[in-house]
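Okay, so here's the structure we're looking at.
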Amino acid sequence: MYVADEKRYETMKYNRVGNSGLKLPAISLGLWNNFGGYDNFEKQREIVLGAFDRGITHIDLANNYGPPAGAAEENFGRIMAQDLKPYRDELIISSKAGYYMWPGPYGEWGSKKNIIASCDQSLKRMGLEYVDIFYHHRPDYDTPLEETAGALDLLVRQGKALYIGISNYDAQRTAEITKIFKELKTPFIIHQPRYNMFDRWIEDGLTDVLEEEGLGAIVFSPLAQGLLTDRYLDGIPEDSRAHRSEIQFLNEENVEGTLSIVRELNEIAQKRGQSLAQMAIAWNQQQKAVISVLVGASKLSQLENNIKALDNLEFTADELAAIDRILAKKK
């Protein structure tokens with residue numbers, strides 16, 4: 001029988017989400033990869049419980065996480081029922097809808113039909129009465145924003161979600177849906193964008209909107225799918241995902257094109273007493289709007305190493321300037 005570590009809250013840092021009353025851990029656990037139907041369940045369980053033992057109270061999912069789609073929610077549901085049920089009120093559990101899930105015109109995007117059905121399916125897979133945060137996973141330019149926002153608002157009124165978020169929305173679309181949520185009085189508090197040293201698009205307007213509207217950002221892919229780690233410092237290993245080209249962001253061309261930059265960044269990290277991954281996670285938290293960084297893990301030791309980023313979150317002005325100079329070399 002699982003019993004949580006009594007000291008789980010002693011070292012984790014928690015940040016308030018925008019102007020809301022909710023706080024999230026500075027590092028959250030995302031179940032995007034390594035938690036599907038083809039991954040070892042006991043290893044998944046070890047990572048999730050290990051995360052909670054270290055103060056990571058937020059577990060982030062989506063209906064399409066797997067593979068196959070839905071498997072991550074099902075596996076997490078097993079862990080909830082088996083181990084974490086007594087701790088439900090200490091957990092922030094999120095899910096999303098918007099990407100393809102089932103055939104026909106209602107299985108993706110942002111219609112009311114898709115969002116309500118998707119949330120119901122997610123709750124069933126996880127064995128939950130509600131999620132703490134429910135996101136629209138990607139913008140849908142063919143569905144009126146009023147419909148998408150109204151569906152998300154309905155989930156709160158039905159007691160299926162406590163807070164609402166969006167993901168992958170640009171600055172303009174974020175500002176537009178924020179206005180609608182304000183009119184509806186929806187507890188819309190958070191945006192989940194991709195952000196890392198190699199992909200800084202949120203700095204071109206989105207962070208301004210988030211700060212103006214009192215919203216928080218929880219960012220994913222902080223390590224650029226492994227590019228911002230020591231994994232490729234000596235080239236591309238034969239057994240790596242980059243060598244097999246499994247992920248569109250991570251291929252041999254991308255790795256080869258960033259090797260010299262990654263090595264220079266690694267020198268700064270070493271001087272800071274951090275691994276490159278730890279520095280990359282700490283760097284993300286220099287952005288004022290960012291309240292949490294989503295990390296994945298294929299094993300508990302990997303997660304433990306990432307958590308150590310919190311031991312040194314401070315950067316000198318010279319360090320930040322040096323990082324910017326290095327990153328400017330990337331085409």
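By order of appearance in the structure tokens: chains A, B, ..., then residues from 1 within every chain, and ligands from 1 in the order shown.
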
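Excluding Asp234 (chain A) itself and any same-chain residue fewer than 5 positions from it, the protein and nucleic acid residues within 12 Å of it, counting only C-alpha atoms, are Leu227, Thr229, Val255, Glu256, Thr258, Leu259, Ser260, Val262, Arg263 and Asn266 of chain A.
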
Would you export the selected residues with all heavy atoms as an mmCIF file, in the first residue's frame, please?
data_model
loop_
_atom_site.group_PDB
_atom_site.id
_atom_site.type_symbol
_atom_site.label_atom_id
_atom_site.label_comp_id
_atom_site.auth_asym_id
_atom_site.auth_seq_id
_atom_site.Cartn_x
_atom_site.Cartn_y
_atom_site.Cartn_z
ATOM 1 N N LEU A 227 17.083 18.170 -27.069
ATOM 2 C CA LEU A 227 18.214 18.910 -27.634
ATOM 3 C C LEU A 227 18.966 19.668 -26.547
ATOM 4 O O LEU A 227 20.192 19.797 -26.601
ATOM 5 C CB LEU A 227 17.726 19.893 -28.700
ATOM 6 C CG LEU A 227 17.203 19.310 -30.018
ATOM 7 C CD1 LEU A 227 16.711 20.426 -30.927
ATOM 8 C CD2 LEU A 227 18.291 18.505 -30.721
ATOM 9 N N THR A 229 19.859 18.974 -23.584
ATOM 10 C CA THR A 229 20.378 18.070 -22.560
ATOM 11 C C THR A 229 21.777 17.648 -22.992
ATOM 12 O O THR A 229 22.252 18.033 -24.059
ATOM 13 C CB THR A 229 19.493 16.811 -22.412
ATOM 14 O OG1 THR A 229 19.637 15.998 -23.588
ATOM 15 C CG2 THR A 229 18.024 17.182 -22.237
ATOM 16 N N VAL A 255 19.515 18.186 -34.757
ATOM 17 C CA VAL A 255 20.561 17.929 -33.770
ATOM 18 C C VAL A 255 21.910 18.434 -34.267
ATOM 19 O O VAL A 255 22.626 19.155 -33.558
ATOM 20 C CB VAL A 255 20.635 16.424 -33.438
ATOM 21 C CG1 VAL A 255 21.840 16.136 -32.545
ATOM 22 C CG2 VAL A 255 19.354 15.971 -32.739
ATOM 23 N N GLU A 256 22.264 18.061 -35.484
ATOM 24 C CA GLU A 256 23.559 18.485 -36.039
ATOM 25 C C GLU A 256 23.656 20.003 -36.107
ATOM 26 O O GLU A 256 24.718 20.595 -35.882
ATOM 27 C CB GLU A 256 23.755 17.886 -37.437
ATOM 28 C CG GLU A 256 23.879 16.366 -37.461
ATOM 29 C CD GLU A 256 25.176 15.874 -36.865
ATOM 30 O OE1 GLU A 256 26.055 16.698 -36.543
ATOM 31 O OE2 GLU A 256 25.310 14.638 -36.705
ATOM 32 N N THR A 258 22.443 22.176 -34.136
ATOM 33 C CA THR A 258 22.490 22.866 -32.837
ATOM 34 C C THR A 258 23.637 22.398 -31.946
ATOM 35 O O THR A 258 23.804 22.921 -30.845
ATOM 36 C CB THR A 258 21.164 22.640 -32.069
ATOM 37 O OG1 THR A 258 20.962 21.225 -31.889
ATOM 38 C CG2 THR A 258 19.986 23.226 -32.813
ATOM 39 N N LEU A 259 24.434 21.459 -32.410
ATOM 40 C CA LEU A 259 25.475 20.874 -31.555
ATOM 41 C C LEU A 259 26.443 21.914 -30.991
ATOM 42 O O LEU A 259 26.740 21.908 -29.791
ATOM 43 C CB LEU A 259 26.266 19.816 -32.330
ATOM 44 C CG LEU A 259 25.724 18.385 -32.269
ATOM 45 C CD1 LEU A 259 26.586 17.451 -33.108
ATOM 46 C CD2 LEU A 259 25.664 17.891 -30.827
ATOM 47 N N SER A 260 26.935 22.804 -31.837
ATOM 48 C CA SER A 260 27.915 23.787 -31.357
ATOM 49 C C SER A 260 27.278 24.732 -30.344
ATOM 50 O O SER A 260 27.912 25.110 -29.340
ATOM 51 C CB SER A 260 28.493 24.585 -32.532
ATOM 52 O OG SER A 260 27.473 25.310 -33.206
ATOM 53 N N VAL A 262 24.643 24.028 -28.405
ATOM 54 C CA VAL A 262 24.379 23.255 -27.196
ATOM 55 C C VAL A 262 25.650 23.107 -26.359
ATOM 56 O O VAL A 262 25.620 23.211 -25.126
ATOM 57 C CB VAL A 262 23.805 21.873 -27.571
ATOM 58 C CG1 VAL A 262 23.800 20.943 -26.365
ATOM 59 C CG2 VAL A 262 22.386 22.023 -28.100
ATOM 60 N N ARG A 263 26.763 22.899 -27.010
ATOM 61 C CA ARG A 263 28.026 22.754 -26.272
ATOM 62 C C ARG A 263 28.417 24.052 -25.563
ATOM 63 O O ARG A 263 28.923 24.036 -24.432
ATOM 64 C CB ARG A 263 29.123 22.303 -27.232
ATOM 65 C CG ARG A 263 28.988 20.835 -27.639
ATOM 66 C CD ARG A 263 29.870 20.477 -28.797
ATOM 67 N NE ARG A 263 29.724 19.054 -29.167
ATOM 68 C CZ ARG A 263 29.939 18.576 -30.382
ATOM 69 N NH1 ARG A 263 30.323 19.380 -31.363
ATOM 70 N NH2 ARG A 263 29.782 17.285 -30.619
ATOM 71 N N ASN A 266 26.187 24.408 -22.622
ATOM 72 C CA ASN A 266 26.594 23.455 -21.593
ATOM 73 C C ASN A 266 27.756 23.993 -20.763
ATOM 74 O O ASN A 266 27.843 23.729 -19.553
ATOM 75 C CB ASN A 266 26.979 22.127 -22.244
ATOM 76 C CG ASN A 266 27.230 21.039 -21.218
ATOM 77 O OD1 ASN A 266 26.366 20.708 -20.416
ATOM 78 N ND2 ASN A 266 28.445 20.486 -21.226
#

Selection near region 98-107 of chain A, 8 Å with only C-alpha atoms, sequence-local residues under 4 positions removed, as a PyMOL selection string | chain A and resi 63-64+69+111+113-115+136-139

Print the selection's residues with N, CA, C and O atoms to a file, as an mmCIF file, in the first residue's frame.
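In the end it all went to selection-v3.cif:
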data_model
loop_
_atom_site.group_PDB
_atom_site.id
_atom_site.type_symbol
_atom_site.label_atom_id
_atom_site.label_comp_id
_atom_site.auth_asym_id
_atom_site.auth_seq_id
_atom_site.Cartn_x
_atom_site.Cartn_y
_atom_site.Cartn_z
ATOM 1 N N ASN A 63 -6.551 14.027 -23.724
ATOM 2 C CA ASN A 63 -7.293 12.848 -24.166
ATOM 3 C C ASN A 63 -6.520 12.005 -25.170
ATOM 4 O O ASN A 63 -6.677 10.789 -25.244
ATOM 5 N N ASN A 64 -5.639 12.649 -25.955
ATOM 6 C CA ASN A 64 -4.944 11.916 -27.017
ATOM 7 C C ASN A 64 -3.571 11.389 -26.615
ATOM 8 O O ASN A 64 -2.864 10.814 -27.443
ATOM 9 N N ALA A 69 -4.133 6.597 -28.299
ATOM 10 C CA ALA A 69 -4.812 7.742 -27.692
ATOM 11 C C ALA A 69 -5.736 7.272 -26.570
ATOM 12 O O ALA A 69 -6.474 6.307 -26.721
ATOM 13 N N SER A 111 -15.624 22.354 -31.269
ATOM 14 C CA SER A 111 -17.076 22.473 -31.162
ATOM 15 C C SER A 111 -17.540 22.108 -29.757
ATOM 16 O O SER A 111 -16.847 21.410 -29.011
ATOM 17 N N LYS A 113 -19.883 20.074 -29.118
ATOM 18 C CA LYS A 113 -20.067 18.632 -29.141
ATOM 19 C C LYS A 113 -18.757 17.917 -28.781
ATOM 20 O O LYS A 113 -18.754 16.998 -27.959
ATOM 21 N N ASN A 114 -17.663 18.328 -29.408
ATOM 22 C CA ASN A 114 -16.383 17.665 -29.157
ATOM 23 C C ASN A 114 -15.890 17.889 -27.738
ATOM 24 O O ASN A 114 -15.435 16.950 -27.069
ATOM 25 N N ILE A 115 -15.958 19.112 -27.264
ATOM 26 C CA ILE A 115 -15.396 19.443 -25.953
ATOM 27 C C ILE A 115 -16.141 18.739 -24.830
ATOM 28 O O ILE A 115 -15.524 18.152 -23.927
ATOM 29 N N HIS A 136 -8.636 23.751 -23.774
ATOM 30 C CA HIS A 136 -8.797 23.540 -25.209
ATOM 31 C C HIS A 136 -7.388 23.443 -25.773
ATOM 32 O O HIS A 136 -6.589 24.362 -25.631
ATOM 33 N N HIS A 137 -7.086 22.325 -26.436
ATOM 34 C CA HIS A 137 -5.713 21.942 -26.753
ATOM 35 C C HIS A 137 -5.105 22.712 -27.925
ATOM 36 O O HIS A 137 -3.891 22.854 -28.014
ATOM 37 N N ARG A 138 -5.931 23.193 -28.838
ATOM 38 C CA ARG A 138 -5.421 23.959 -29.985
ATOM 39 C C ARG A 138 -6.533 24.826 -30.538
ATOM 40 O O ARG A 138 -7.714 24.472 -30.470
ATOM 41 N N PRO A 139 -6.200 25.983 -31.111
ATOM 42 C CA PRO A 139 -7.237 26.865 -31.647
ATOM 43 C C PRO A 139 -7.940 26.236 -32.844
ATOM 44 O O PRO A 139 -7.330 25.497 -33.619
#

Which polymer residues have any atom within 7 Å of an atom of Gly165 (chain A), counting only C-alpha atoms, with same-chain residues fewer than 4 positions away left out, as a compact mmCIF listing (two decimals) with N, CA, C and O atoms, in the first residue's frame?
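Dumped to selection18.txt:
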# COMPACT_ATOMS: atom_id res chain seq x y z
N ILE A 133 -8.13 21.33 -13.98
CA ILE A 133 -7.99 22.24 -15.12
C ILE A 133 -8.36 21.48 -16.39
O ILE A 133 -7.88 20.36 -16.60
N PHE A 134 -9.20 22.08 -17.21
CA PHE A 134 -9.50 21.50 -18.53
C PHE A 134 -9.15 22.53 -19.60
O PHE A 134 -9.58 23.68 -19.52
N TYR A 135 -8.36 22.07 -20.59
CA TYR A 135 -7.85 22.96 -21.63
C TYR A 135 -8.51 22.69 -22.98
O TYR A 135 -8.82 21.53 -23.32
N HIS A 136 -8.64 23.75 -23.77
CA HIS A 136 -8.80 23.54 -25.21
C HIS A 136 -7.39 23.44 -25.77
O HIS A 136 -6.59 24.36 -25.63
N PHE A 188 -11.02 31.27 -16.07
CA PHE A 188 -9.97 31.03 -17.06
C PHE A 188 -8.68 31.60 -16.50
O PHE A 188 -8.57 32.81 -16.28
N ILE A 189 -7.67 30.74 -16.26
CA ILE A 189 -6.51 31.21 -15.52
C ILE A 189 -5.17 30.90 -16.17
O ILE A 189 -4.14 31.46 -15.76
N ILE A 190 -5.13 30.01 -17.20
CA ILE A 190 -3.82 29.48 -17.59
C ILE A 190 -3.72 29.19 -19.08
O ILE A 190 -4.72 28.86 -19.73
N HIS A 191 -2.52 29.34 -19.60
CA HIS A 191 -2.20 29.04 -21.00
C HIS A 191 -1.04 28.06 -21.01
O HIS A 191 -0.09 28.21 -20.23

From region 15-221 of chain A, collect each residue whose DSSP state is strand (DSSP E) and return the set as a ChimeraX atom specification.
/A:15-16,23-25,27-30,58-60,92-97,131-136,161-167,188-192,216-219

Save the residues we just selected, C-alpha atoms, as a PDB file, in the first residue's frame?
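After the write, out_9.pdb holds the following:
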ATOM      1  CA  ASN A  15       3.735  29.664  -7.694  1.00  0.00           C
ATOM      2  CA  ARG A  16       0.387  31.409  -7.925  1.00  0.00           C
ATOM      3  CA  LYS A  23      -0.807  27.517  -6.922  1.00  0.00           C
ATOM      4  CA  LEU A  24       1.150  25.039  -9.043  1.00  0.00           C
ATOM      5  CA  PRO A  25       4.529  23.453  -8.381  1.00  0.00           C
ATOM      6  CA  ILE A  27       7.892  21.781 -12.006  1.00  0.00           C
ATOM      7  CA  SER A  28       4.893  19.720 -13.100  1.00  0.00           C
ATOM      8  CA  LEU A  29       4.781  16.215 -14.539  1.00  0.00           C
ATOM      9  CA  GLY A  30       3.442  15.774 -18.072  1.00  0.00           C
ATOM     10  CA  HIS A  58       0.262  18.690 -10.729  1.00  0.00           C
ATOM     11  CA  ILE A  59      -0.158  15.909 -13.295  1.00  0.00           C
ATOM     12  CA  ASP A  60      -0.893  17.044 -16.850  1.00  0.00           C
ATOM     13  CA  ILE A  92      -4.097  19.158  -9.530  1.00  0.00           C
ATOM     14  CA  ILE A  93      -5.082  16.969 -12.482  1.00  0.00           C
ATOM     15  CA  SER A  94      -5.527  18.467 -15.923  1.00  0.00           C
ATOM     16  CA  SER A  95      -6.647  17.191 -19.298  1.00  0.00           C
ATOM     17  CA  LYS A  96      -7.365  18.626 -22.737  1.00  0.00           C
ATOM     18  CA  ALA A  97      -9.456  18.236 -25.865  1.00  0.00           C
ATOM     19  CA  VAL A 131     -10.529  17.632 -13.338  1.00  0.00           C
ATOM     20  CA  ASP A 132      -8.901  20.654 -11.769  1.00  0.00           C
ATOM     21  CA  ILE A 133      -7.989  22.235 -15.122  1.00  0.00           C
ATOM     22  CA  PHE A 134      -9.497  21.499 -18.527  1.00  0.00           C
ATOM     23  CA  TYR A 135      -7.851  22.958 -21.632  1.00  0.00           C
ATOM     24  CA  HIS A 136      -8.797  23.540 -25.209  1.00  0.00           C
ATOM     25  CA  ALA A 161     -13.731  21.233 -14.187  1.00  0.00           C
ATOM     26  CA  LEU A 162     -12.630  23.783 -11.585  1.00  0.00           C
ATOM     27  CA  TYR A 163     -10.529  25.976 -13.869  1.00  0.00           C
ATOM     28  CA  ILE A 164     -10.192  26.475 -17.616  1.00  0.00           C
ATOM     29  CA  GLY A 165      -7.093  26.822 -19.777  1.00  0.00           C
ATOM     30  CA  ILE A 166      -6.062  27.031 -23.418  1.00  0.00           C
ATOM     31  CA  SER A 167      -3.016  25.672 -25.222  1.00  0.00           C
ATOM     32  CA  PHE A 188      -9.970  31.030 -17.058  1.00  0.00           C
ATOM     33  CA  ILE A 189      -6.507  31.209 -15.518  1.00  0.00           C
ATOM     34  CA  ILE A 190      -3.821  29.479 -17.589  1.00  0.00           C
ATOM     35  CA  HIS A 191      -2.204  29.042 -21.004  1.00  0.00           C
ATOM     36  CA  GLN A 192      -0.020  26.088 -21.983  1.00  0.00           C
ATOM     37  CA  GLY A 216      -0.262  32.239 -15.910  1.00  0.00           C
ATOM     38  CA  ALA A 217       1.736  30.126 -18.350  1.00  0.00           C
ATOM     39  CA  ILE A 218       2.747  26.510 -17.860  1.00  0.00           C
ATOM     40  CA  VAL A 219       5.218  25.672 -20.616  1.00  0.00           C
TER      41      VAL A 219
END

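Closest approach to Asn312 (chain A) among A:Gly159, A:Gly257, A:Gly18, A:Gly273: A:Gly273, based on only C-alpha atoms.
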